[in-house]
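> The file below is structure09.csv, CSV, C-alpha atoms:
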```csv
chain,number,residue,atom,x,y,z
A,1,MET,CA,16.1,99.7,157.3
A,2,ILE,CA,16.6,96.1,156.2
A,3,LEU,CA,13.8,93.6,155.7
A,4,GLY,CA,14.4,89.9,156.0
A,5,ILE,CA,11.8,87.6,154.5
A,6,ASP,CA,11.5,83.9,155.0
A,7,PRO,CA,9.0,82.7,152.4
A,8,GLY,CA,7.2,79.4,153.0
A,9,SER,CA,4.3,77.6,151.4
A,10,ILE,CA,2.2,77.9,154.5
A,11,THR,CA,3.4,80.9,156.5
A,12,THR,CA,5.9,83.6,155.5
A,13,GLY,CA,7.9,85.4,158.2
A,14,PHE,CA,9.4,88.8,158.1
A,15,GLY,CA,11.7,90.9,160.3
A,16,LEU,CA,12.6,94.5,160.0
A,17,ILE,CA,15.8,95.9,161.5
A,18,THR,CA,17.5,99.2,161.6
A,19,GLU,CA,21.1,100.2,162.6
A,20,GLU,CA,21.7,103.3,164.7
A,21,LYS,CA,25.1,104.2,165.9
A,22,GLY,CA,26.4,100.7,165.2
A,23,GLU,CA,23.6,99.0,167.2
A,24,MET,CA,20.9,96.9,165.5
A,25,ARG,CA,17.4,97.3,166.6
A,26,CYS,CA,14.3,95.4,165.7
A,27,VAL,CA,11.5,97.6,164.3
A,28,GLU,CA,8.9,95.0,163.5
A,29,TYR,CA,8.5,91.4,163.0
A,30,GLY,CA,5.7,89.0,162.2
A,31,SER,CA,4.3,86.3,160.0
A,32,TRP,CA,1.6,86.1,157.4
A,33,GLY,CA,-0.3,83.2,158.6
A,34,ALA,CA,-2.3,80.6,156.9
A,35,THR,CA,-3.2,77.1,157.8
A,36,SER,CA,-2.7,74.2,155.5
A,37,LYS,CA,-6.4,74.5,154.7
A,38,THR,CA,-6.1,78.0,153.4
A,39,ILE,CA,-6.2,77.7,149.6
A,40,PHE,CA,-3.0,78.3,147.8
A,41,THR,CA,-4.1,81.4,145.9
A,42,GLU,CA,-5.1,83.0,149.1
A,43,ARG,CA,-1.8,82.3,150.8
A,44,LEU,CA,0.0,84.0,148.0
A,45,LEU,CA,-2.4,86.9,148.3
A,46,PHE,CA,-1.7,87.2,152.1
A,47,ILE,CA,2.1,87.3,151.5
A,48,GLY,CA,2.0,89.8,148.7
A,49,LEU,CA,-0.5,92.2,150.3
A,50,GLY,CA,1.4,91.9,153.6
A,51,LEU,CA,4.6,92.8,152.0
A,52,GLN,CA,3.1,95.6,150.0
A,53,GLU,CA,1.9,97.2,153.3
A,54,ILE,CA,5.4,96.9,154.8
A,55,PHE,CA,7.0,98.5,151.8
A,56,LEU,CA,4.5,101.4,152.0
A,57,LYS,CA,4.9,101.9,155.7
A,58,TYR,CA,8.7,101.9,155.9
A,59,LYS,CA,11.6,103.3,153.9
A,60,ILE,CA,13.4,100.0,153.2
A,61,ARG,CA,16.9,100.0,151.9
A,62,ALA,CA,17.2,96.3,151.1
A,63,ALA,CA,15.1,93.1,151.2
A,64,VAL,CA,16.7,89.8,151.9
A,65,VAL,CA,15.5,86.3,151.2
A,66,GLU,CA,17.0,82.8,151.6
A,67,LYS,CA,18.6,81.2,148.6
A,68,THR,CA,16.4,78.4,147.3
A,69,PHE,CA,17.3,74.9,148.5
A,70,PHE,CA,17.8,72.5,145.7
A,71,ALA,CA,18.0,69.5,147.9
A,72,LYS,CA,14.3,69.5,149.0
A,73,ASN,CA,11.8,67.6,147.1
A,74,VAL,CA,10.4,69.1,143.8
A,75,ASP,CA,6.9,69.6,145.2
A,76,SER,CA,8.0,71.7,148.2
A,77,VAL,CA,10.5,73.6,146.0
A,78,THR,CA,7.6,74.4,143.6
A,79,LYS,CA,5.3,75.7,146.3
A,80,LEU,CA,8.0,77.6,148.0
A,81,SER,CA,9.1,79.2,144.7
A,82,HIS,CA,5.6,80.5,144.0
A,83,ALA,CA,5.7,82.3,147.4
A,84,ARG,CA,9.3,83.5,146.8
A,85,GLY,CA,8.3,84.8,143.4
A,86,VAL,CA,5.6,86.9,145.0
A,87,CYS,CA,8.1,88.3,147.6
A,88,ILE,CA,10.7,89.2,144.9
A,89,TYR,CA,8.0,90.8,142.8
A,90,GLU,CA,6.7,92.9,145.6
A,91,ALA,CA,10.2,94.1,146.4
A,92,ALA,CA,10.7,94.9,142.7
A,93,ARG,CA,7.4,96.8,142.5
A,94,ALA,CA,8.5,98.9,145.5
A,95,ARG,CA,11.9,99.4,143.8
A,96,VAL,CA,13.7,97.8,146.8
A,97,PRO,CA,16.8,95.9,145.8
A,98,ILE,CA,16.6,92.2,146.9
A,99,PHE,CA,19.5,90.0,148.0
A,100,GLU,CA,19.8,86.3,148.7
A,101,TYR,CA,22.1,84.3,151.0
A,102,SER,CA,22.3,80.6,151.9
A,103,PRO,CA,21.0,79.7,155.3
A,104,THR,CA,24.4,78.2,156.1
A,105,GLU,CA,26.4,81.4,155.6
A,106,VAL,CA,23.8,83.3,157.6
A,107,LYS,CA,23.9,80.9,160.5
A,108,ARG,CA,27.7,80.7,160.4
A,109,ASN,CA,27.9,84.4,160.8
A,110,VAL,CA,24.9,85.1,163.2
A,111,VAL,CA,25.0,82.0,165.4
A,112,GLY,CA,28.6,81.0,164.8
A,113,TYR,CA,27.7,77.6,163.4
A,114,GLY,CA,26.4,76.9,159.9
A,115,ARG,CA,24.3,74.0,160.8
A,116,ALA,CA,22.6,75.5,163.9
A,117,GLY,CA,19.0,74.5,164.6
A,118,LYS,CA,16.1,76.8,164.4
A,119,ASP,CA,15.8,77.0,168.2
A,120,GLN,CA,19.4,78.1,168.4
A,121,VAL,CA,18.9,80.8,165.8
A,122,GLN,CA,15.9,82.1,167.7
A,123,LEU,CA,17.8,82.2,171.0
A,124,VAL,CA,20.7,84.1,169.5
A,125,ILE,CA,18.5,86.6,167.6
A,126,GLY,CA,16.5,87.2,170.8
A,127,GLN,CA,19.7,88.0,172.6
A,128,LEU,CA,21.1,90.2,169.8
A,129,LEU,CA,18.0,92.3,169.4
A,130,LYS,CA,17.0,92.1,173.1
A,131,LEU,CA,13.7,90.5,172.3
A,132,PRO,CA,11.8,88.2,174.6
A,133,THR,CA,12.2,84.9,172.9
A,134,ASP,CA,8.6,83.8,173.9
A,135,VAL,CA,7.2,86.5,171.7
A,136,MET,CA,8.7,85.0,168.6
A,137,THR,CA,6.3,82.1,168.4
A,138,LYS,CA,7.4,81.0,165.0
A,139,TYR,CA,10.7,80.1,163.6
A,140,ASP,CA,10.1,81.9,160.3
A,141,MET,CA,10.3,85.3,162.1
A,142,SER,CA,13.7,84.5,163.7
A,143,ASP,CA,15.0,83.2,160.4
A,144,ALA,CA,13.8,86.4,158.7
A,145,LEU,CA,15.5,88.5,161.3
A,146,ALA,CA,18.7,86.5,161.0
A,147,LEU,CA,18.8,87.2,157.2
A,148,ALA,CA,18.3,91.0,157.9
A,149,ILE,CA,21.1,91.0,160.5
A,150,TYR,CA,23.5,89.1,158.2
A,151,HIS,CA,22.8,91.5,155.4
A,152,CYS,CA,23.3,94.5,157.8
A,153,ARG,CA,26.7,93.1,158.7
A,154,VAL,CA,28.0,92.4,155.2
A,155,ALA,CA,26.5,95.5,153.7
A,156,GLY,CA,29.6,97.4,154.6
A,157,THR,CA,31.5,96.1,151.6
A,158,LYS,CA,29.5,97.5,148.8
A,159,GLN,CA,31.1,95.5,146.1
A,160,LYS,CA,30.0,92.3,147.8
A,161,ILE,CA,26.5,93.6,148.0
A,162,LYS,CA,26.3,94.4,144.3
A,163,GLU,CA,27.4,90.9,143.5
A,164,ARG,CA,24.7,89.3,145.6
A,165,GLU,CA,21.7,91.1,144.2
A,166,ILE,CA,19.5,88.6,142.5
A,167,LEU,CA,20.3,88.7,138.8
A,168,LEU,CA,19.5,85.1,138.0
B,1,MET,CA,-13.6,86.9,128.7
B,2,ILE,CA,-11.0,84.2,129.5
B,3,LEU,CA,-7.3,84.8,129.9
B,4,GLY,CA,-4.8,82.1,129.2
B,5,ILE,CA,-1.3,82.6,130.6
B,6,ASP,CA,1.8,80.6,129.7
B,7,PRO,CA,4.4,81.6,132.3
B,8,GLY,CA,8.0,81.0,131.5
B,9,SER,CA,11.2,82.0,133.1
B,10,ILE,CA,12.2,84.1,130.1
B,11,THR,CA,9.0,85.2,128.4
B,12,THR,CA,5.4,84.8,129.4
B,13,GLY,CA,2.6,84.6,126.8
B,14,PHE,CA,-1.0,85.5,127.2
B,15,GLY,CA,-4.1,85.2,125.1
B,16,LEU,CA,-7.5,86.6,125.7
B,17,ILE,CA,-10.6,85.2,124.2
B,18,THR,CA,-14.3,85.8,124.3
B,19,GLU,CA,-17.3,83.7,123.3
B,20,GLU,CA,-20.2,85.3,121.4
B,21,LYS,CA,-23.1,83.3,120.1
B,22,GLY,CA,-21.2,80.1,120.5
B,23,GLU,CA,-18.2,81.4,118.5
B,24,MET,CA,-14.8,82.1,120.1
B,25,ARG,CA,-12.9,85.2,119.2
B,26,CYS,CA,-9.5,86.3,120.1
B,27,VAL,CA,-9.5,89.8,121.8
B,28,GLU,CA,-5.8,90.2,122.4
B,29,TYR,CA,-2.6,88.2,122.7
B,30,GLY,CA,1.0,88.9,123.3
B,31,SER,CA,4.0,88.1,125.3
B,32,TRP,CA,6.0,89.9,128.0
B,33,GLY,CA,9.4,89.7,126.6
B,34,ALA,CA,12.8,89.6,128.1
B,35,THR,CA,16.0,88.2,127.0
B,36,SER,CA,18.1,85.7,129.0
B,37,LYS,CA,20.2,88.8,129.9
B,38,THR,CA,17.3,90.6,131.6
B,39,ILE,CA,17.8,90.2,135.3
B,40,PHE,CA,15.4,87.8,137.0
B,41,THR,CA,13.8,90.4,139.3
B,42,GLU,CA,13.0,92.6,136.3
B,43,ARG,CA,11.5,89.7,134.4
B,44,LEU,CA,9.1,89.0,137.3
B,45,LEU,CA,8.2,92.7,137.3
B,46,PHE,CA,7.4,92.7,133.5
B,47,ILE,CA,5.1,89.7,133.9
B,48,GLY,CA,3.3,91.1,137.0
B,49,LEU,CA,2.8,94.6,135.7
B,50,GLY,CA,1.8,93.3,132.3
B,51,LEU,CA,-0.9,91.1,133.8
B,52,GLN,CA,-2.0,93.9,136.1
B,53,GLU,CA,-2.7,96.1,133.0
B,54,ILE,CA,-4.7,93.3,131.4
B,55,PHE,CA,-6.8,92.8,134.5
B,56,LEU,CA,-7.5,96.5,134.7
B,57,LYS,CA,-8.3,96.8,131.0
B,58,TYR,CA,-10.7,93.9,130.6
B,59,LYS,CA,-13.5,92.3,132.6
B,60,ILE,CA,-12.0,88.8,132.9
B,61,ARG,CA,-14.1,85.9,134.2
B,62,ALA,CA,-11.3,83.4,134.6
B,63,ALA,CA,-7.6,83.1,134.2
B,64,VAL,CA,-6.0,79.8,133.2
B,65,VAL,CA,-2.4,78.5,133.6
B,66,GLU,CA,-0.7,75.3,132.8
B,67,LYS,CA,-0.2,72.8,135.6
B,68,THR,CA,3.4,72.6,136.8
B,69,PHE,CA,5.5,69.9,135.2
B,70,PHE,CA,7.3,67.8,137.7
B,71,ALA,CA,9.4,66.0,135.2
B,72,LYS,CA,11.5,69.0,134.3
B,73,ASN,CA,14.8,69.6,136.1
B,74,VAL,CA,14.6,71.4,139.5
B,75,ASP,CA,16.3,74.5,138.3
B,76,SER,CA,13.7,75.2,135.6
B,77,VAL,CA,10.8,74.2,137.9
B,78,THR,CA,12.1,76.7,140.4
B,79,LYS,CA,12.4,79.6,138.0
B,80,LEU,CA,9.1,78.8,136.3
B,81,SER,CA,7.4,78.6,139.7
B,82,HIS,CA,8.6,82.1,140.6
B,83,ALA,CA,6.9,83.4,137.4
B,84,ARG,CA,3.8,81.3,137.9
B,85,GLY,CA,3.5,82.6,141.5
B,86,VAL,CA,3.4,86.1,140.2
B,87,CYS,CA,0.7,85.2,137.7
B,88,ILE,CA,-1.5,83.6,140.3
B,89,TYR,CA,-0.9,86.4,142.7
B,90,GLU,CA,-1.9,89.1,140.2
B,91,ALA,CA,-5.1,87.1,139.3
B,92,ALA,CA,-5.9,86.8,143.0
B,93,ARG,CA,-5.3,90.6,143.5
B,94,ALA,CA,-7.7,91.2,140.7
B,95,ARG,CA,-10.2,88.8,142.3
B,96,VAL,CA,-10.2,86.7,139.1
B,97,PRO,CA,-10.5,82.9,139.8
B,98,ILE,CA,-7.6,80.9,138.4
B,99,PHE,CA,-7.7,77.5,136.9
B,100,GLU,CA,-5.0,75.0,135.9
B,101,TYR,CA,-4.9,72.2,133.4
B,102,SER,CA,-2.2,69.8,132.2
B,103,PRO,CA,-0.8,70.5,128.7
B,104,THR,CA,-1.8,67.0,127.7
B,105,GLU,CA,-5.5,67.4,128.4
B,106,VAL,CA,-5.5,70.8,126.7
B,107,LYS,CA,-3.8,69.5,123.5
B,108,ARG,CA,-6.0,66.4,123.4
B,109,ASN,CA,-9.1,68.6,123.3
B,110,VAL,CA,-7.9,71.5,121.2
B,111,VAL,CA,-5.6,69.7,118.7
B,112,GLY,CA,-7.0,66.2,119.0
B,113,TYR,CA,-3.7,64.7,120.1
B,114,GLY,CA,-2.3,65.0,123.7
B,115,ARG,CA,1.4,65.0,122.6
B,116,ALA,CA,1.0,67.5,119.7
B,117,GLY,CA,4.0,69.7,119.1
B,118,LYS,CA,4.0,73.4,119.6
B,119,ASP,CA,3.8,74.1,115.9
B,120,GLN,CA,0.7,72.0,115.6
B,121,VAL,CA,-0.9,73.8,118.5
B,122,GLN,CA,-0.1,77.1,116.8
B,123,LEU,CA,-1.6,75.9,113.5
B,124,VAL,CA,-4.8,74.7,115.0
B,125,ILE,CA,-5.2,77.8,117.2
B,126,GLY,CA,-4.7,80.1,114.2
B,127,GLN,CA,-7.4,78.2,112.3
B,128,LEU,CA,-9.9,78.2,115.2
B,129,LEU,CA,-9.5,81.9,115.9
B,130,LYS,CA,-8.9,82.9,112.3
B,131,LEU,CA,-5.6,84.4,113.1
B,132,PRO,CA,-2.7,84.7,110.6
B,133,THR,CA,-0.3,82.2,112.0
B,134,ASP,CA,2.7,84.3,111.1
B,135,VAL,CA,1.5,87.0,113.6
B,136,MET,CA,2.0,84.6,116.5
B,137,THR,CA,5.7,84.7,116.5
B,138,LYS,CA,6.1,82.9,119.8
B,139,TYR,CA,4.7,79.6,120.9
B,140,ASP,CA,3.9,80.9,124.4
B,141,MET,CA,1.1,83.0,122.9
B,142,SER,CA,-0.5,80.0,121.1
B,143,ASP,CA,-0.1,77.9,124.2
B,144,ALA,CA,-1.8,80.6,126.2
B,145,LEU,CA,-4.7,80.8,123.7
B,146,ALA,CA,-5.0,77.0,123.8
B,147,LEU,CA,-5.5,77.1,127.6
B,148,ALA,CA,-8.2,79.8,127.2
B,149,ILE,CA,-10.0,77.9,124.5
B,150,TYR,CA,-10.0,74.7,126.5
B,151,HIS,CA,-11.3,76.4,129.6
B,152,CYS,CA,-14.0,78.1,127.5
B,153,ARG,CA,-15.1,74.6,126.2
B,154,VAL,CA,-15.2,72.9,129.6
B,155,ALA,CA,-16.6,75.9,131.5
B,156,GLY,CA,-20.1,74.7,130.6
B,157,THR,CA,-20.0,72.1,133.4
B,158,LYS,CA,-19.8,74.3,136.4
B,159,GLN,CA,-19.1,71.5,138.8
B,160,LYS,CA,-16.0,70.5,136.9
B,161,ILE,CA,-14.8,74.1,137.0
B,162,LYS,CA,-15.2,74.4,140.7
B,163,GLU,CA,-13.0,71.4,141.1
B,164,ARG,CA,-10.3,72.7,139.0
B,165,GLU,CA,-9.8,76.0,140.7
B,166,ILE,CA,-6.3,76.1,142.2
B,167,LEU,CA,-6.7,75.0,145.8
B,168,LEU,CA,-3.3,73.4,146.3
```
Have the structure of the file written as structure tokens, please.

Amino acid sequence: MILGIDPGSITTGFGLITEEKGEMRCVEYGSWGATSKTIFTERLLFIGLGLQEIFLKYKIRAAVVEKTFFAKNVDSVTKLSHARGVCIYEAARARVPIFEYSPTEVKRNVVGYGRAGKDQVQLVIGQLLKLPTDVMTKYDMSDALALAIYHCRVAGTKQKIKEREILL
Amino acid sequence: MILGIDPGSITTGFGLITEEKGEMRCVEYGSWGATSKTIFTERLLFIGLGLQEIFLKYKIRAAVVEKTFFAKNVDSVTKLSHARGVCIYEAARARVPIFEYSPTEVKRNVVGYGRAGKDQVQLVIGQLLKLPTDVMTKYDMSDALALAIYHCRVAGTKQKIKEREILL
């Protein structure tokens, strides 16, 4: 099973997929919600405890997060990195290897266009995993599923995988 | 007991102090080490598990971290924020309120000069807590202790404290 995680400073989406006989299937997806009024400390707690539950519930082979964007403004990078740190930490605590890919390479592979919009990603993910698109109310879930799908596809070449593990 | 934490992308220092009859005493201090060759995921694990142990071992009233610098380059802010996220998360899991102060206000109060160097901070902390300075081999420990001392001093005015809790 492969877990995609899309950390955000407000909500963090996740998507869990499995591959059986060459076909990918969605096991669970969701988002740890918060509003902009939820205090920051509590938001980090939601994400971490949510992930902890997922890691306990399923036997996960790999966790995948988006590479950090350096183009965004420093304030959002800072907040996002706090959330991302908690995600990587929970994966490490669960002894699950964690990988990172840029959104561009994921979209290029999954949607066929590196600069695809979030609505396009959602549409393609829905078709690929046979999910009713109206169920995925938030983009962070489809982005998380896209990461998991991409990892599942490239995971065949083990050498490549080893290189991508976060060693920063 | 008040725990000061100085998160860093390589090592993270901590310092635990207590106040008895108006006198501050150092209970424990140290640093979760890593080298620049330790993989990033593992560094986050060291910090988080180290903090978890401290929170289990002692009854801590407040945890204190440095405010994030926005002046540093984006890459170091990113790495530092991952580590800082893990610290805040572990404090939240332990239900310990967490506070943040700028290094300038801490140094102005503790050393008497807001732009004091790390060696000056170490010297003053050593004198205040009656510690042999050569024991504190790393600056992140003295910086952590300075945060704890500052919080201990301002904690008298409860209103002020409430305001400073991380609500970002």
> Using all atoms listed in the file, which residues sit within 7 Å of range 109-114 of chain A once same-chain residues fewer than 5 positions away are excluded, as a tab-separated table (two decimals) with C-alpha atoms, in the coordinates of the input?

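Result saved to result_13.tsv:
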```tsv
chain	number	residue	atom	x	y	z
A	104	THR	CA	24.40	78.20	156.10
A	121	VAL	CA	18.90	80.80	165.80
A	124	VAL	CA	20.70	84.10	169.50
A	146	ALA	CA	18.70	86.50	161.00
A	150	TYR	CA	23.50	89.10	158.20
```
> Could you do a least-squares fit of chain A on chain B over every C-alpha atom, in sequence order, and give the output as a compact mmCIF listing (two decimals) with C-alpha atoms, in the coordinates of the input?

```
# COMPACT_ATOMS: atom_id res chain seq x y z
CA MET A 1 -13.61 86.85 128.72
CA ILE A 2 -11.05 84.15 129.47
CA LEU A 3 -7.33 84.77 129.85
CA GLY A 4 -4.82 82.05 129.19
CA ILE A 5 -1.33 82.55 130.59
CA ASP A 6 1.73 80.56 129.77
CA PRO A 7 4.34 81.55 132.35
CA GLY A 8 8.01 80.99 131.53
CA SER A 9 11.29 82.02 133.08
CA ILE A 10 12.21 84.12 130.11
CA THR A 11 9.03 85.20 128.34
CA THR A 12 5.41 84.81 129.47
CA GLY A 13 2.63 84.59 126.87
CA PHE A 14 -0.96 85.49 127.21
CA GLY A 15 -4.13 85.17 125.12
CA LEU A 16 -7.49 86.65 125.71
CA ILE A 17 -10.64 85.13 124.21
CA THR A 18 -14.28 85.83 124.34
CA GLU A 19 -17.34 83.71 123.28
CA GLU A 20 -20.24 85.33 121.45
CA LYS A 21 -23.10 83.32 120.20
CA GLY A 22 -21.13 80.09 120.52
CA GLU A 23 -18.16 81.42 118.49
CA MET A 24 -14.76 82.10 120.11
CA ARG A 25 -12.96 85.19 119.19
CA CYS A 26 -9.51 86.37 120.05
CA VAL A 27 -9.44 89.79 121.76
CA GLU A 28 -5.75 90.17 122.42
CA TYR A 29 -2.66 88.23 122.61
CA GLY A 30 0.99 88.88 123.31
CA SER A 31 4.07 88.12 125.31
CA TRP A 32 6.02 89.89 127.99
CA GLY A 33 9.42 89.70 126.61
CA ALA A 34 12.77 89.53 128.15
CA THR A 35 16.03 88.16 126.97
CA SER A 36 18.10 85.79 128.98
CA LYS A 37 20.19 88.80 129.96
CA THR A 38 17.32 90.60 131.56
CA ILE A 39 17.79 90.16 135.31
CA PHE A 40 15.42 87.85 137.03
CA THR A 41 13.76 90.45 139.24
CA GLU A 42 12.98 92.50 136.25
CA ARG A 43 11.41 89.63 134.35
CA LEU A 44 9.09 89.02 137.22
CA LEU A 45 8.28 92.71 137.28
CA PHE A 46 7.44 92.68 133.50
CA ILE A 47 5.04 89.71 133.95
CA GLY A 48 3.27 91.07 136.97
CA LEU A 49 2.86 94.65 135.70
CA GLY A 50 1.77 93.27 132.31
CA LEU A 51 -0.84 91.17 133.85
CA GLN A 52 -2.02 93.88 136.15
CA GLU A 53 -2.68 96.10 133.06
CA ILE A 54 -4.68 93.30 131.40
CA PHE A 55 -6.79 92.76 134.46
CA LEU A 56 -7.53 96.52 134.63
CA LYS A 57 -8.33 96.85 130.98
CA TYR A 58 -10.69 93.88 130.62
CA LYS A 59 -13.50 92.29 132.62
CA ILE A 60 -11.99 88.79 132.94
CA ARG A 61 -14.10 85.93 134.09
CA ALA A 62 -11.34 83.35 134.53
CA ALA A 63 -7.54 83.04 134.23
CA VAL A 64 -5.97 79.82 133.17
CA VAL A 65 -2.45 78.56 133.60
CA GLU A 66 -0.66 75.27 132.82
CA LYS A 67 -0.26 72.76 135.59
CA THR A 68 3.36 72.65 136.72
CA PHE A 69 5.49 69.91 135.17
CA PHE A 70 7.19 67.79 137.72
CA ALA A 71 9.32 65.99 135.25
CA LYS A 72 11.56 68.99 134.31
CA ASN A 73 14.69 69.61 136.13
CA VAL A 74 14.53 71.34 139.61
CA ASP A 75 16.24 74.52 138.41
CA SER A 76 13.77 75.21 135.57
CA VAL A 77 10.84 74.22 137.83
CA THR A 78 12.11 76.77 140.41
CA LYS A 79 12.39 79.61 137.94
CA LEU A 80 9.16 78.81 136.30
CA SER A 81 7.37 78.64 139.69
CA HIS A 82 8.55 82.12 140.65
CA ALA A 83 6.92 83.45 137.42
CA ARG A 84 3.78 81.31 137.98
CA GLY A 85 3.53 82.59 141.52
CA VAL A 86 3.48 86.14 140.23
CA CYS A 87 0.72 85.27 137.67
CA ILE A 88 -1.47 83.54 140.33
CA TYR A 89 -0.96 86.45 142.68
CA GLU A 90 -1.93 89.01 140.14
CA ALA A 91 -5.07 87.07 139.30
CA ALA A 92 -5.84 86.84 143.04
CA ARG A 93 -5.28 90.58 143.54
CA ALA A 94 -7.74 91.27 140.70
CA ARG A 95 -10.16 88.76 142.30
CA VAL A 96 -10.16 86.64 139.09
CA PRO A 97 -10.54 82.95 139.79
CA ILE A 98 -7.57 80.93 138.37
CA PHE A 99 -7.69 77.40 136.95
CA GLU A 100 -5.00 74.96 135.91
CA TYR A 101 -4.96 72.13 133.34
CA SER A 102 -2.22 69.78 132.10
CA PRO A 103 -0.87 70.55 128.69
CA THR A 104 -1.83 67.04 127.62
CA GLU A 105 -5.56 67.39 128.32
CA VAL A 106 -5.53 70.77 126.61
CA LYS A 107 -3.84 69.48 123.50
CA ARG A 108 -6.03 66.37 123.43
CA ASN A 109 -9.08 68.52 123.36
CA VAL A 110 -7.88 71.51 121.16
CA VAL A 111 -5.61 69.73 118.68
CA GLY A 112 -7.03 66.23 119.04
CA TYR A 113 -3.74 64.73 120.16
CA GLY A 114 -2.23 65.01 123.63
CA ARG A 115 1.31 64.96 122.56
CA ALA A 116 1.04 67.48 119.68
CA GLY A 117 4.02 69.76 119.05
CA LYS A 118 4.02 73.43 119.58
CA ASP A 119 3.88 74.12 115.83
CA GLN A 120 0.78 71.99 115.58
CA VAL A 121 -0.91 73.81 118.43
CA GLN A 122 -0.16 77.13 116.78
CA LEU A 123 -1.57 75.99 113.43
CA VAL A 124 -4.78 74.75 114.97
CA ILE A 125 -5.29 77.84 117.18
CA GLY A 126 -4.67 80.06 114.14
CA GLN A 127 -7.36 78.21 112.28
CA LEU A 128 -9.83 78.21 115.21
CA LEU A 129 -9.54 81.89 115.93
CA LYS A 130 -8.93 82.89 112.27
CA LEU A 131 -5.60 84.42 113.06
CA PRO A 132 -2.72 84.70 110.64
CA THR A 133 -0.30 82.21 112.02
CA ASP A 134 2.74 84.45 111.07
CA VAL A 135 1.59 87.01 113.56
CA MET A 136 1.98 84.64 116.45
CA THR A 137 5.75 84.72 116.49
CA LYS A 138 6.08 82.88 119.72
CA TYR A 139 4.81 79.62 120.90
CA ASP A 140 3.92 80.90 124.37
CA MET A 141 1.05 82.99 122.88
CA SER A 142 -0.50 79.97 121.07
CA ASP A 143 -0.13 77.86 124.18
CA ALA A 144 -1.82 80.62 126.21
CA LEU A 145 -4.64 80.80 123.75
CA ALA A 146 -5.04 77.04 123.73
CA LEU A 147 -5.48 77.05 127.57
CA ALA A 148 -8.18 79.84 127.24
CA ILE A 149 -10.03 77.87 124.54
CA TYR A 150 -9.92 74.62 126.55
CA HIS A 151 -11.24 76.39 129.59
CA CYS A 152 -14.01 78.06 127.45
CA ARG A 153 -15.06 74.61 126.29
CA VAL A 154 -15.16 72.85 129.65
CA ALA A 155 -16.59 75.80 131.49
CA GLY A 156 -20.04 74.61 130.63
CA THR A 157 -20.06 72.06 133.42
CA LYS A 158 -19.79 74.24 136.42
CA GLN A 159 -19.09 71.51 138.86
CA LYS A 160 -15.98 70.56 136.92
CA ILE A 161 -14.84 74.12 136.99
CA LYS A 162 -15.18 74.44 140.75
CA GLU A 163 -13.07 71.36 141.18
CA ARG A 164 -10.25 72.68 139.06
CA GLU A 165 -9.74 76.02 140.74
CA ILE A 166 -6.34 76.06 142.30
CA LEU A 167 -6.74 75.16 145.95
CA LEU A 168 -3.39 73.51 146.46
```
> Quick check, in Å to one decimal: how far apart do CA of Asp6 in chain B and CA of Ala144 in chain B lie?
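These atoms are spaced 5.0 Å apart.
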> Return as number ranges by chain the residues belonging to chain B that are within 8 Å of chain A, counting only C-alpha atoms.
B: 39-42, 44-45, 48, 70, 74-75, 77-79, 81-86, 88-89, 92-93, 166-168
> So the first atom is CA of Ile17 in chain B and the second is CA of Leu3 in chain B; what is the distance between them in Å, to one decimal place?
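CA of Ile17 in chain B sits 6.6 Å away from CA of Leu3 in chain B.
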> For Ser31 in chain A, which residue among A:Val64, A:Pro132, A:Gly117, A:Tyr139 is the nearest when counting all atoms listed in the file?
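Of the candidates, the smallest distance to Ser31 in chain A is held by A:Tyr139.
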> Using all atoms listed in the file, which protein or nucleic acid residues come within 12 Å of Glu23 in chain A? Drop anything in the same chain fewer than 2 positions from it, and give the result as a VMD selection string.
chain A and resid 17 to 21 25 to 26 128 to 130 149 152 to 153
> Report the distance between CA of Ser102 in chain B and CA of Glu66 in chain B in Å, rounded to one decimal place.
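Here the two named atoms are 5.7 Å from each other.
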> Would you please work out which residue, of A:Tyr58, A:Trp32, A:Phe99, A:Phe14, is nearest to Met141 in chain A when using all atoms listed in the file?
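Among the listed residues, A:Phe14 lies closest to Met141 in chain A.
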> Kindly indicate which residue among A:Val106, A:Gly33, A:Arg95, A:Leu147 lies nearest to Gln52 in chain A, using all atoms listed in the file for the distances.
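Checking each candidate against Gln52 in chain A, we get A:Arg95 as the closest.
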